[in-house]
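Below is the file coords_24.txt, which contains compact mmCIF, C-alpha atoms.
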```txt
# COMPACT_ATOMS: atom_id res chain seq x y z
CA MET A 1 102.14 96.09 114.09
CA ALA A 2 101.13 99.15 112.06
CA GLU A 3 97.87 99.37 114.04
CA ARG A 4 99.53 100.64 117.16
CA VAL A 5 102.19 102.91 115.68
CA ALA A 6 99.97 105.98 115.73
CA GLY A 7 96.94 106.43 117.94
CA PRO A 8 93.65 104.79 116.92
CA GLU A 9 92.21 108.06 115.59
CA ILE A 10 95.17 108.63 113.28
CA GLU A 11 95.24 104.97 112.26
CA ARG A 12 91.57 105.14 111.33
CA LEU A 13 92.19 108.24 109.22
CA ILE A 14 95.08 106.48 107.45
CA GLN A 15 93.02 103.35 106.81
CA LEU A 16 90.17 105.37 105.29
CA LEU A 17 92.54 107.42 103.13
CA ALA A 18 94.16 104.18 101.93
CA ARG A 19 90.81 103.13 100.46
CA LEU A 20 90.82 106.05 98.02
CA PRO A 21 91.78 105.01 94.48
CA GLY A 22 95.35 106.06 93.82
CA LEU A 23 96.45 105.95 97.46
CA GLY A 24 98.10 102.90 99.03
CA PRO A 25 98.97 102.37 102.69
CA ARG A 26 102.22 104.27 102.34
CA SER A 27 100.85 107.30 100.51
CA ALA A 28 97.85 107.30 102.87
CA ARG A 29 100.25 107.78 105.78
CA ARG A 30 101.95 110.62 103.93
CA ALA A 31 98.56 112.15 103.14
CA ALA A 32 97.45 111.89 106.79
CA LEU A 33 100.61 113.62 108.01
CA HIS A 34 100.23 116.27 105.34
CA LEU A 35 96.63 116.87 106.45
CA ILE A 36 97.60 117.12 110.11
CA ARG A 37 100.42 119.52 109.29
CA LYS A 38 98.05 121.69 107.25
CA ARG A 39 95.20 121.62 109.72
CA GLU A 40 93.79 125.06 108.98
CA GLU A 41 94.39 125.23 105.23
CA LEU A 42 93.53 121.66 104.25
CA LEU A 43 92.29 119.28 106.94
CA GLY A 44 89.51 121.55 108.16
CA PRO A 45 88.26 122.57 104.70
CA LEU A 46 88.39 118.96 103.49
CA ALA A 47 86.38 117.78 106.52
CA ASP A 48 83.81 120.48 105.74
CA ALA A 49 83.72 119.69 102.02
CA LEU A 50 83.13 116.00 102.74
CA GLN A 51 80.38 116.89 105.18
CA VAL A 52 78.70 119.07 102.53
CA ALA A 53 79.06 116.27 99.97
CA ARG A 54 77.59 113.76 102.40
CA GLU A 55 74.57 115.94 103.05
CA LYS A 56 73.90 117.57 99.72
CA ILE A 57 74.99 115.43 96.80
CA VAL A 58 72.24 113.50 95.07
CA VAL A 59 71.99 111.43 91.90
CA CYS A 60 69.94 113.18 89.23
CA SER A 61 66.79 111.12 88.69
CA THR A 62 66.68 112.23 85.06
CA CYS A 63 70.17 111.56 83.74
CA GLY A 64 72.09 109.79 86.54
CA ASN A 65 74.63 112.61 86.96
CA ILE A 66 75.60 113.67 90.49
CA ASP A 67 74.92 117.18 91.72
CA THR A 68 73.52 119.08 94.68
CA SER A 69 70.14 119.39 92.99
CA ASP A 70 67.73 117.01 91.28
CA PRO A 71 67.30 117.50 88.35
CA CYS A 72 71.00 118.36 88.01
CA ASN A 73 72.35 121.63 86.63
CA LEU A 74 72.96 120.11 83.21
CA CYS A 75 69.42 118.76 82.93
CA ARG A 76 67.96 122.11 84.03
CA ASP A 77 70.12 124.16 81.66
CA ALA A 78 67.68 125.47 79.03
CA ARG A 79 70.56 126.47 76.73
CA ARG A 80 71.46 122.81 76.20
CA ASP A 81 70.03 120.88 73.29
CA SER A 82 67.43 118.42 74.61
CA SER A 83 67.10 116.73 71.23
CA THR A 84 70.61 115.22 71.52
CA LEU A 85 71.28 112.68 74.23
CA VAL A 86 74.89 111.66 74.91
CA VAL A 87 75.00 108.26 76.60
CA VAL A 88 78.06 107.70 78.84
CA GLU A 89 79.08 104.90 81.16
CA THR A 90 80.04 106.95 84.22
CA VAL A 91 79.93 110.44 85.66
CA ALA A 92 83.71 110.56 85.11
CA ASP A 93 83.10 110.17 81.37
CA LEU A 94 80.47 112.92 81.49
CA TRP A 95 82.99 115.20 83.17
CA ALA A 96 85.62 114.34 80.55
CA LEU A 97 83.23 115.32 77.71
CA GLU A 98 82.24 118.50 79.55
CA ARG A 99 85.88 119.45 80.08
CA ALA A 100 86.40 119.04 76.35
CA GLY A 101 83.34 121.21 75.74
CA ALA A 102 82.56 118.62 73.08
CA THR A 103 78.77 118.75 73.07
CA ARG A 104 75.87 121.03 73.91
CA GLY A 105 73.51 118.05 74.14
CA LYS A 106 72.19 116.51 77.32
CA TYR A 107 73.63 113.45 78.99
CA HIS A 108 72.46 110.07 80.14
CA VAL A 109 74.69 108.19 82.58
CA LEU A 110 74.33 104.39 82.43
CA GLY A 111 76.17 103.79 85.68
CA GLY A 112 78.29 101.01 84.18
CA VAL A 113 78.35 98.61 81.25
CA LEU A 114 76.84 95.22 80.58
CA SER A 115 79.22 92.65 81.96
CA PRO A 116 77.86 89.13 82.38
CA LEU A 117 81.09 88.01 84.07
CA ASP A 118 80.63 90.64 86.78
CA GLY A 119 76.91 89.93 87.04
CA VAL A 120 75.92 93.28 85.51
CA GLY A 121 72.79 92.88 83.40
CA PRO A 122 70.46 95.38 81.65
CA LYS A 123 68.44 95.85 84.84
CA ASP A 124 71.53 97.14 86.67
CA LEU A 125 71.97 100.00 84.24
CA ASN A 126 70.00 103.21 83.88
CA LEU A 127 68.33 101.92 80.66
CA GLU A 128 64.62 102.08 81.39
CA LYS A 129 64.88 105.81 81.97
CA LEU A 130 66.80 106.11 78.69
CA THR A 131 63.94 104.66 76.62
CA THR A 132 61.46 106.83 78.51
CA ARG A 133 63.49 109.95 77.78
CA VAL A 134 63.90 109.04 74.09
CA ARG A 135 60.18 108.33 73.80
CA GLU A 136 58.87 111.35 75.68
CA ASP A 137 61.41 114.18 75.50
CA GLY A 138 61.65 114.78 71.75
CA VAL A 139 65.12 113.23 71.42
CA ARG A 140 66.26 113.11 67.81
CA GLU A 141 69.76 111.68 68.20
CA VAL A 142 71.34 109.36 70.76
CA ILE A 143 75.14 109.51 70.74
CA LEU A 144 76.71 106.42 72.31
CA ALA A 145 79.83 107.78 74.00
CA VAL A 146 80.76 104.50 75.67
CA ASN A 147 84.29 103.20 75.98
CA ALA A 148 85.81 101.34 73.04
CA THR A 149 86.16 98.23 75.20
CA VAL A 150 84.47 94.85 74.66
CA ASP A 151 81.94 95.53 77.43
CA GLY A 152 81.38 99.07 76.19
CA GLN A 153 80.71 97.89 72.64
CA THR A 154 78.44 95.08 73.87
CA THR A 155 76.45 97.68 75.76
CA ALA A 156 76.33 99.91 72.68
CA HIS A 157 74.90 97.03 70.59
CA TYR A 158 72.34 96.32 73.28
CA ILE A 159 71.22 99.95 73.30
CA VAL A 160 71.00 100.03 69.50
CA ASP A 161 68.60 97.05 69.66
CA LEU A 162 66.73 98.57 72.57
CA LEU A 163 66.13 101.85 70.74
CA ALA A 164 65.43 100.34 67.31
CA PRO A 165 61.60 100.40 67.73
CA LEU A 166 61.71 104.09 68.69
CA GLU A 167 63.09 105.18 65.33
CA VAL A 168 65.62 107.57 66.81
CA LYS A 169 68.97 108.24 65.15
CA VAL A 170 71.72 106.41 67.07
CA THR A 171 75.39 107.30 66.51
CA ARG A 172 78.67 106.40 68.19
CA LEU A 173 82.01 108.17 68.63
CA ALA A 174 84.45 107.92 65.74
CA HIS A 175 87.44 105.61 66.02
CA GLY A 176 90.70 107.07 64.84
CA VAL A 177 94.13 108.48 65.56
CA PRO A 178 94.25 110.42 68.87
CA VAL A 179 95.19 114.08 68.36
CA GLY A 180 98.96 114.27 68.82
CA GLY A 181 99.24 110.49 68.46
CA GLU A 182 101.93 108.75 66.42
CA LEU A 183 100.87 106.11 63.91
CA ASP A 184 103.81 103.91 64.79
CA TYR A 185 102.49 103.41 68.31
CA LEU A 186 98.87 102.68 67.39
CA ASP A 187 97.34 99.21 67.22
CA GLU A 188 96.15 97.82 63.90
CA GLY A 189 92.47 98.01 64.83
CA THR A 190 92.67 101.74 65.41
CA LEU A 191 94.71 102.30 62.25
CA SER A 192 92.26 100.30 60.13
CA ALA A 193 89.31 102.19 61.60
CA ALA A 194 91.02 105.53 61.05
CA LEU A 195 91.68 104.62 57.42
CA ARG A 196 88.15 103.34 56.83
CA GLN A 197 86.59 106.43 58.37
CA ARG A 198 88.96 108.87 56.66
CA THR A 199 87.57 112.34 56.04
CA ALA A 200 88.01 114.71 53.11
CA VAL A 201 90.38 117.65 53.64
CA MET B 1 86.50 125.09 81.97
CA ALA B 2 86.94 122.34 84.57
CA GLU B 3 85.49 124.64 87.24
CA ARG B 4 81.95 124.37 85.98
CA VAL B 5 81.85 120.70 84.99
CA ALA B 6 80.57 119.56 88.35
CA GLY B 7 78.78 121.75 90.86
CA PRO B 8 80.83 124.08 93.09
CA GLU B 9 80.57 121.73 96.09
CA ILE B 10 81.99 118.78 94.15
CA GLU B 11 84.63 120.97 92.50
CA ARG B 12 85.75 122.20 95.90
CA LEU B 13 86.04 118.60 97.15
CA ILE B 14 88.09 117.69 94.08
CA GLN B 15 90.39 120.68 94.49
CA LEU B 16 91.05 119.86 98.14
CA LEU B 17 91.69 116.19 97.39
CA ALA B 18 94.10 117.22 94.63
CA ARG B 19 96.26 118.92 97.27
CA LEU B 20 96.99 115.61 99.00
CA PRO B 21 100.44 114.24 98.19
CA GLY B 22 100.11 111.41 95.68
CA LEU B 23 96.88 112.70 94.13
CA GLY B 24 96.82 114.90 91.03
CA PRO B 25 93.79 116.60 89.48
CA ARG B 26 92.81 113.46 87.60
CA SER B 27 93.08 111.02 90.50
CA ALA B 28 91.38 113.58 92.76
CA ARG B 29 88.36 113.45 90.46
CA ARG B 30 88.39 109.66 90.60
CA ALA B 31 88.72 109.78 94.39
CA ALA B 32 85.81 112.23 94.68
CA LEU B 33 83.56 110.01 92.55
CA HIS B 34 84.64 106.98 94.56
CA LEU B 35 83.79 108.79 97.79
CA ILE B 36 80.38 109.87 96.52
CA ARG B 37 79.62 106.35 95.33
CA LYS B 38 80.60 104.92 98.72
CA ARG B 39 78.82 107.53 100.77
CA GLU B 40 77.95 105.32 103.71
CA GLU B 41 81.06 103.15 103.87
CA LEU B 42 83.73 105.72 103.07
CA LEU B 43 82.67 109.34 102.62
CA GLY B 44 80.83 109.59 105.93
CA PRO B 45 83.49 107.81 108.02
CA LEU B 46 86.26 109.85 106.38
CA ALA B 47 84.42 113.10 107.11
CA ASP B 48 84.08 111.99 110.74
CA ALA B 49 87.71 110.86 111.01
CA LEU B 50 88.93 114.21 109.66
CA GLN B 51 86.69 116.03 112.11
CA VAL B 52 88.12 113.97 114.99
CA ALA B 53 91.64 114.65 113.74
CA ARG B 54 90.92 118.36 113.48
CA GLU B 55 89.64 118.54 117.02
CA LYS B 56 91.82 116.08 118.88
CA ILE B 57 95.26 115.75 117.37
CA VAL B 58 98.01 117.67 119.12
CA VAL B 59 101.77 117.82 118.85
CA CYS B 60 103.49 116.26 121.86
CA SER B 61 105.30 119.04 123.72
CA THR B 62 107.93 116.55 124.88
CA CYS B 63 109.02 114.73 121.72
CA GLY B 64 107.23 116.44 118.80
CA ASN B 65 105.20 113.34 117.85
CA ILE B 66 101.53 113.77 116.97
CA ASP B 67 98.83 112.08 119.02
CA THR B 68 95.51 112.77 120.69
CA SER B 69 97.20 113.35 124.04
CA ASP B 70 100.10 115.47 125.27
CA PRO B 71 102.45 113.91 126.31
CA CYS B 72 101.91 111.34 123.57
CA ASN B 73 101.37 107.62 124.14
CA LEU B 74 105.01 106.82 123.40
CA CYS B 75 106.30 109.39 125.89
CA ARG B 76 103.88 108.16 128.56
CA ASP B 77 104.71 104.48 128.00
CA ALA B 78 106.63 103.43 131.14
CA ARG B 79 107.84 100.21 129.46
CA ARG B 80 109.95 102.23 127.04
CA ASP B 81 113.56 102.95 127.81
CA SER B 82 113.93 106.63 128.71
CA SER B 83 117.70 106.44 128.72
CA THR B 84 117.79 106.00 124.92
CA LEU B 85 116.60 108.84 122.72
CA VAL B 86 116.09 108.18 119.00
CA VAL B 87 116.26 111.44 117.05
CA VAL B 88 114.25 111.45 113.80
CA GLU B 89 113.49 114.13 111.24
CA THR B 90 109.75 113.61 110.90
CA VAL B 91 106.80 111.77 112.42
CA ALA B 92 106.77 109.59 109.29
CA ASP B 93 110.28 108.40 110.20
CA LEU B 94 109.13 107.69 113.76
CA TRP B 95 106.28 105.60 112.38
CA ALA B 96 108.69 103.72 110.10
CA LEU B 97 110.93 102.80 113.05
CA GLU B 98 107.91 101.81 115.15
CA ARG B 99 106.59 99.62 112.34
CA ALA B 100 109.97 97.89 112.26
CA GLY B 101 109.76 97.48 116.04
CA ALA B 102 113.41 98.49 115.88
CA THR B 103 113.79 100.21 119.22
CA ARG B 104 112.29 100.34 122.70
CA GLY B 105 113.81 103.77 123.31
CA LYS B 106 111.95 107.04 123.26
CA TYR B 107 111.83 109.42 120.33
CA HIS B 108 112.60 113.01 119.57
CA VAL B 109 111.14 114.49 116.39
CA LEU B 110 113.16 117.39 114.94
CA GLY B 111 110.43 118.50 112.56
CA GLY B 112 112.83 118.80 109.63
CA VAL B 113 116.54 119.15 108.88
CA LEU B 114 118.92 122.07 108.71
CA SER B 115 118.72 123.45 105.21
CA PRO B 116 120.22 126.91 104.65
CA LEU B 117 118.92 126.98 101.08
CA ASP B 118 115.35 126.55 102.31
CA GLY B 119 115.92 128.98 105.16
CA VAL B 120 115.71 126.27 107.84
CA GLY B 121 118.09 127.07 110.71
CA PRO B 122 118.64 125.51 114.15
CA LYS B 123 115.88 127.65 115.67
CA ASP B 124 113.31 126.10 113.32
CA LEU B 125 113.99 122.61 114.64
CA ASN B 126 112.97 121.02 117.93
CA LEU B 127 116.55 121.26 119.25
CA GLU B 128 116.25 123.27 122.45
CA LYS B 129 113.91 120.67 123.90
CA LEU B 130 116.41 117.97 122.86
CA THR B 131 119.23 119.42 124.96
CA THR B 132 116.82 119.91 127.88
CA ARG B 133 115.73 116.28 127.69
CA VAL B 134 119.31 115.01 127.46
CA ARG B 135 120.34 117.19 130.39
CA GLU B 136 117.40 116.47 132.67
CA ASP B 137 115.88 113.07 131.82
CA GLY B 138 118.80 110.73 132.44
CA VAL B 139 119.46 110.07 128.75
CA ARG B 140 122.55 107.89 128.26
CA GLU B 141 122.47 107.45 124.46
CA VAL B 142 121.21 109.62 121.63
CA ILE B 143 120.72 107.67 118.38
CA LEU B 144 120.69 109.95 115.34
CA ALA B 145 118.20 108.24 113.00
CA VAL B 146 118.25 111.01 110.41
CA ASN B 147 118.20 110.41 106.67
CA ALA B 148 121.48 109.65 104.92
CA THR B 149 121.10 112.80 102.82
CA VAL B 150 123.38 115.84 102.79
CA ASP B 151 120.93 117.87 104.88
CA GLY B 152 120.36 114.96 107.24
CA GLN B 153 124.08 114.47 107.79
CA THR B 154 124.64 118.22 108.26
CA THR B 155 121.96 118.15 110.93
CA ALA B 156 123.57 115.10 112.55
CA HIS B 157 126.93 116.91 112.74
CA TYR B 158 125.23 119.95 114.23
CA ILE B 159 123.57 117.83 116.93
CA VAL B 160 126.87 116.07 117.73
CA ASP B 161 128.43 119.48 118.37
CA LEU B 162 125.40 120.65 120.30
CA LEU B 163 125.45 117.66 122.64
CA ALA B 164 129.25 117.48 123.04
CA PRO B 165 129.29 119.47 126.34
CA LEU B 166 126.67 117.15 127.87
CA GLU B 167 128.90 114.06 127.66
CA VAL B 168 126.16 111.80 126.35
CA LYS B 169 126.90 108.92 123.99
CA VAL B 170 125.81 109.85 120.45
CA THR B 171 125.45 107.16 117.75
CA ARG B 172 124.07 107.04 114.23
CA LEU B 173 122.45 104.35 112.11
CA ALA B 174 124.80 101.95 110.30
CA HIS B 175 125.33 102.34 106.58
CA GLY B 176 125.26 99.11 104.63
CA VAL B 177 123.57 96.77 102.20
CA PRO B 178 119.74 96.87 102.53
CA VAL B 179 118.32 93.46 103.52
CA GLY B 180 117.39 91.72 100.26
CA GLY B 181 119.49 94.19 98.27
CA GLU B 182 121.79 93.21 95.42
CA LEU B 183 125.36 94.49 95.47
CA ASP B 184 125.32 95.10 91.73
CA TYR B 185 122.66 97.78 92.14
CA LEU B 186 124.22 99.63 95.06
CA ASP B 187 126.21 102.83 94.80
CA GLU B 188 129.91 102.87 95.65
CA GLY B 189 129.44 104.94 98.79
CA THR B 190 127.11 102.36 100.32
CA LEU B 191 129.34 99.47 99.28
CA SER B 192 132.44 101.11 100.76
CA ALA B 193 130.59 101.85 103.99
CA ALA B 194 129.26 98.30 104.20
CA LEU B 195 132.77 96.93 103.73
CA ARG B 196 134.32 99.29 106.27
CA GLN B 197 131.68 98.49 108.85
CA ARG B 198 131.69 94.74 108.19
CA THR B 199 130.73 92.55 111.13
CA ALA B 200 132.08 89.17 112.29
CA VAL B 201 129.93 86.12 111.55
```

Can the structure in the file be given as structure tokens, please?
Amino acid sequence: MAERVAGPEIERLIQLLARLPGLGPRSARRAALHLIRKREELLGPLADALQVAREKIVVCSTCGNIDTSDPCNLCRDARRDSSTLVVVETVADLWALERAGATRGKYHVLGGVLSPLDGVGPKDLNLEKLTTRVREDGVREVILAVNATVDGQTTAHYIVDLLAPLEVKVTRLAHGVPVGGELDYLDEGTLSAALRQRTAV
Amino acid sequence: MAERVAGPEIERLIQLLARLPGLGPRSARRAALHLIRKREELLGPLADALQVAREKIVVCSTCGNIDTSDPCNLCRDARRDSSTLVVVETVADLWALERAGATRGKYHVLGGVLSPLDGVGPKDLNLEKLTTRVREDGVREVILAVNATVDGQTTAHYIVDLLAPLEVKVTRLAHGVPVGGELDYLDEGTLSAALRQRTAV
């Protein structure tokens, strides 16, 4: 029924919008109407921006980041510390660390985590390039900034084993109380870790 | 800080996506990454669909619907009953009624509701065309399918007065219990209306 409510062009736009994460069929309809109402300010620019993204965006062959150049801006940036490599699961995680301004090191994007259930093995991740970079680029420390999930930690262990022969320092993010977090709402695992890894004041 | 995390092209895409209803800055970033990951299946087609929408979609000069032709498909459809005119606030409401398959009449989209606080007066709505259609197109019934909000009801009253000299039958949607709704959760206004407008079984 919904197929013939609007014309096929509008229906196609709605269906494509509905495939974006965070938008369902209903919000995709609202988004389509919003776009059509704001043709000059939003629809046109968005069409152009997508066209630019389609043509220009590439995956950095060094670190796995996405950018309009290869190597990406972060890899080319001479002010960044090449001796520290921050390993993340996804580009979204890289962006999160960059927003926090948390490190001046360089990144390495795995493109996922080991997940036997989903059929993701070591060969599906950007791991070969990681050992090459550690071996050849004078890396002194690899910081494993993977998620504190089971798959993330499995991947971290795998990388620790993988890098063991290269005698590079491997670290991981601290577990602890989130800034602004209330102890009463935290799980026991986090509380225990925060207590174990307590720091002097 | 967020401006320089990704390149300017990606940041621009994220900023435009964030202006869609239902997407905030965070989900816009996720959507942008999703689009870039699915370049062939999603990003490209969406860019094309937006381009088509930008070039082809017009507002129907008869009813105010949006379509790729003027008059729109619904206005041109000879199987629809021209003697019944369903007045809605927005194209989204028209789509909702069409999805329900609730009427075989034709539509008239007001493009909003009277709202003195927002500076929306009768001249801002598609009202002149409504009286012309009622006067000239053999309309026998005008169904006011406006929202049951204060502004919607104000607009309905205004249209009743506007059409009074034309001696056309004007009706409005019934108030009552939503199908599948539980009485315990309904407000008193709806319950009273449902009781007043009870129907024989």

Within 8 Å of Thr68 (chain A), counting all atoms listed in the file, which residues qualify if same-chain residues fewer than 2 places away don't, as an MDAnalysis selection string?
(chainID A and resid 56:58 66 70 72) or (chainID B and resid 7 9)

Determine the nearest neighbour of Ser69 (chain B) from the options A:Val160, A:Ala200, A:Leu195, A:Ile10, counting all atoms listed in the file.
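Of A:Val160, A:Ala200, A:Leu195, A:Ile10, the one nearest Ser69 (chain B), counting all atoms listed in the file, is A:Ile10.
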
Between CA of Val142 (chain A) and CA of Pro122 (chain A), what distance in Å does the model show, to one decimal?
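Computed distance, CA of Val142 (chain A) to CA of Pro122 (chain A), equals 17.7 Å.
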
I'd like the contact shell of Leu144 (chain A) - 10 Å cut-off, all atoms listed in the file, skipping same-chain residues fewer than 5 positions apart - returned as an mmCIF file with C-alpha atoms, keeping the file's coordinate frame.
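The resulting result39.cif:
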```cif
data_model
loop_
_atom_site.group_PDB
_atom_site.id
_atom_site.type_symbol
_atom_site.label_atom_id
_atom_site.label_comp_id
_atom_site.auth_asym_id
_atom_site.auth_seq_id
_atom_site.Cartn_x
_atom_site.Cartn_y
_atom_site.Cartn_z
ATOM 1 C CA LEU A 85 71.280 112.680 74.230
ATOM 2 C CA VAL A 86 74.890 111.660 74.910
ATOM 3 C CA VAL A 87 75.000 108.260 76.600
ATOM 4 C CA VAL A 88 78.060 107.700 78.840
ATOM 5 C CA GLU A 89 79.080 104.900 81.160
ATOM 6 C CA HIS A 108 72.460 110.070 80.140
ATOM 7 C CA GLY A 152 81.380 99.070 76.190
ATOM 8 C CA GLN A 153 80.710 97.890 72.640
ATOM 9 C CA THR A 155 76.450 97.680 75.760
ATOM 10 C CA ALA A 156 76.330 99.910 72.680
ATOM 11 C CA HIS A 157 74.900 97.030 70.590
ATOM 12 C CA ILE A 159 71.220 99.950 73.300
ATOM 13 C CA VAL A 160 71.000 100.030 69.500
ATOM 14 C CA VAL A 170 71.720 106.410 67.070
ATOM 15 C CA THR A 171 75.390 107.300 66.510
ATOM 16 C CA ARG A 172 78.670 106.400 68.190
ATOM 17 C CA LEU A 173 82.010 108.170 68.630
#
```

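One finds CA of Arg79 (chain A) at 16.5 Å from CA of Cys63 (chain A).
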
Tell me which of B:Ala47, B:Leu163, B:Val134, B:Val120 sits closest to Lys106 (chain B), counting all atoms listed in the file.
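Of B:Ala47, B:Leu163, B:Val134, B:Val120, the one nearest Lys106 (chain B), counting all atoms listed in the file, is B:Val134.
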
Polymer residues at most 8 Å from Leu16 (chain A), only C-alpha atoms, same-chain spacing of 3 or more positions, as an MDAnalysis selection string
(chainID A and resid 12:13 19:20) or (chainID B and resid 42 45:46)

Check the smallest atom-to-atom distance from each of B:Asp93, B:Glu128, B:Glu11, B:Glu98 to chain A using all atoms listed in the file, then report the winner.
B:Glu98

Go through A:Glu55, A:Glu40, A:Asp118, A:Asp67 and flag the residue nearest Asp151 (chain A), using all atoms listed in the file for the distances.
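The shortest atom-to-atom distance to Asp151 (chain A) comes from A:Asp118.
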
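CA of Ala148 (chain B) to CA of Ala18 (chain A) spans 28.0 Å [interatomic distance, one decimal].
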
Take the point (100.6, 113.7, 93.9) as written in the file and pick out every residue within 12 Å of it, counting only C-alpha atoms; give the list as a ChimeraX atom specification.
/A:22-23,27-28,30-31,34 /B:17-28

With distances taken over all atoms listed in the file, which residue among A:Arg37, A:Arg76, A:His175, A:Arg99 lies nearest chain B?
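Closest to chain B of all the choices is A:Arg99.
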
Using all atoms of region 165-181 of chain A that appear in the file, construct an axis-aligned enclosing box with 8 Å of padding on every side and provide its centre coordinates and edge lengths in Å, rounded to one decimal, as JSON.
```
{"center_x": 80.4, "center_y": 107.3, "center_z": 66.9, "size_x": 53.6, "size_y": 29.9, "size_z": 20.0}
```

Spatial neighbours of Leu125 (chain B), 6 Å, all atoms listed in the file, chain gap at least 2 places, as a list in words
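Everything that qualifies: Leu110, Gly111, Pro122, Lys123 and Leu127 of chain B.
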
Let me make sure I understand: among B:Ser61, B:Thr90, B:Ser83, B:Ser192, which one has the smallest atom-to-atom distance to chain A if we use only C-alpha atoms?
B:Thr90

Generate the missing atoms of region 11-26 of chain B up to N, CA and C atoms and report them as a short mmCIF file (atom, residue, chain, number, x, y, z; two decimals), in the frame of the given file.
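Final output, saved to result35.cif:
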```cif
data_model
loop_
_atom_site.label_atom_id
_atom_site.label_comp_id
_atom_site.auth_asym_id
_atom_site.auth_seq_id
_atom_site.Cartn_x
_atom_site.Cartn_y
_atom_site.Cartn_z
N GLU B 11 83.36 120.42 92.96
CA GLU B 11 84.63 120.97 92.50
C GLU B 11 85.54 121.31 93.67
N ARG B 12 84.94 121.84 94.73
CA ARG B 12 85.75 122.20 95.90
C ARG B 12 86.35 120.94 96.53
N LEU B 13 85.55 119.87 96.62
CA LEU B 13 86.04 118.60 97.15
C LEU B 13 87.20 118.09 96.31
N ILE B 14 87.04 118.16 94.97
CA ILE B 14 88.09 117.69 94.08
C ILE B 14 89.37 118.50 94.27
N GLN B 15 89.20 119.83 94.35
CA GLN B 15 90.39 120.68 94.49
C GLN B 15 91.14 120.41 95.79
N LEU B 16 90.40 120.16 96.87
CA LEU B 16 91.05 119.86 98.14
C LEU B 16 91.74 118.50 98.10
N LEU B 17 91.07 117.52 97.50
CA LEU B 17 91.69 116.19 97.39
C LEU B 17 92.96 116.26 96.54
N ALA B 18 92.95 117.12 95.52
CA ALA B 18 94.10 117.22 94.63
C ALA B 18 95.33 117.78 95.34
N ARG B 19 95.12 118.37 96.54
CA ARG B 19 96.26 118.92 97.27
C ARG B 19 96.91 117.88 98.18
N LEU B 20 96.34 116.67 98.24
CA LEU B 20 96.99 115.61 99.00
C LEU B 20 98.19 115.10 98.22
N PRO B 21 99.30 114.80 98.92
CA PRO B 21 100.44 114.24 98.19
C PRO B 21 100.04 112.90 97.58
N GLY B 22 100.43 112.67 96.34
CA GLY B 22 100.11 111.41 95.68
C GLY B 22 98.85 111.49 94.82
N LEU B 23 98.07 112.55 94.97
CA LEU B 23 96.88 112.70 94.13
C LEU B 23 97.05 113.93 93.25
N GLY B 24 96.84 113.76 91.94
CA GLY B 24 96.82 114.90 91.03
C GLY B 24 95.38 115.26 90.72
N PRO B 25 95.16 116.19 89.81
CA PRO B 25 93.79 116.60 89.48
C PRO B 25 92.95 115.42 88.98
N ARG B 26 93.56 114.55 88.18
CA ARG B 26 92.81 113.46 87.60
C ARG B 26 92.42 112.43 88.66
#
```
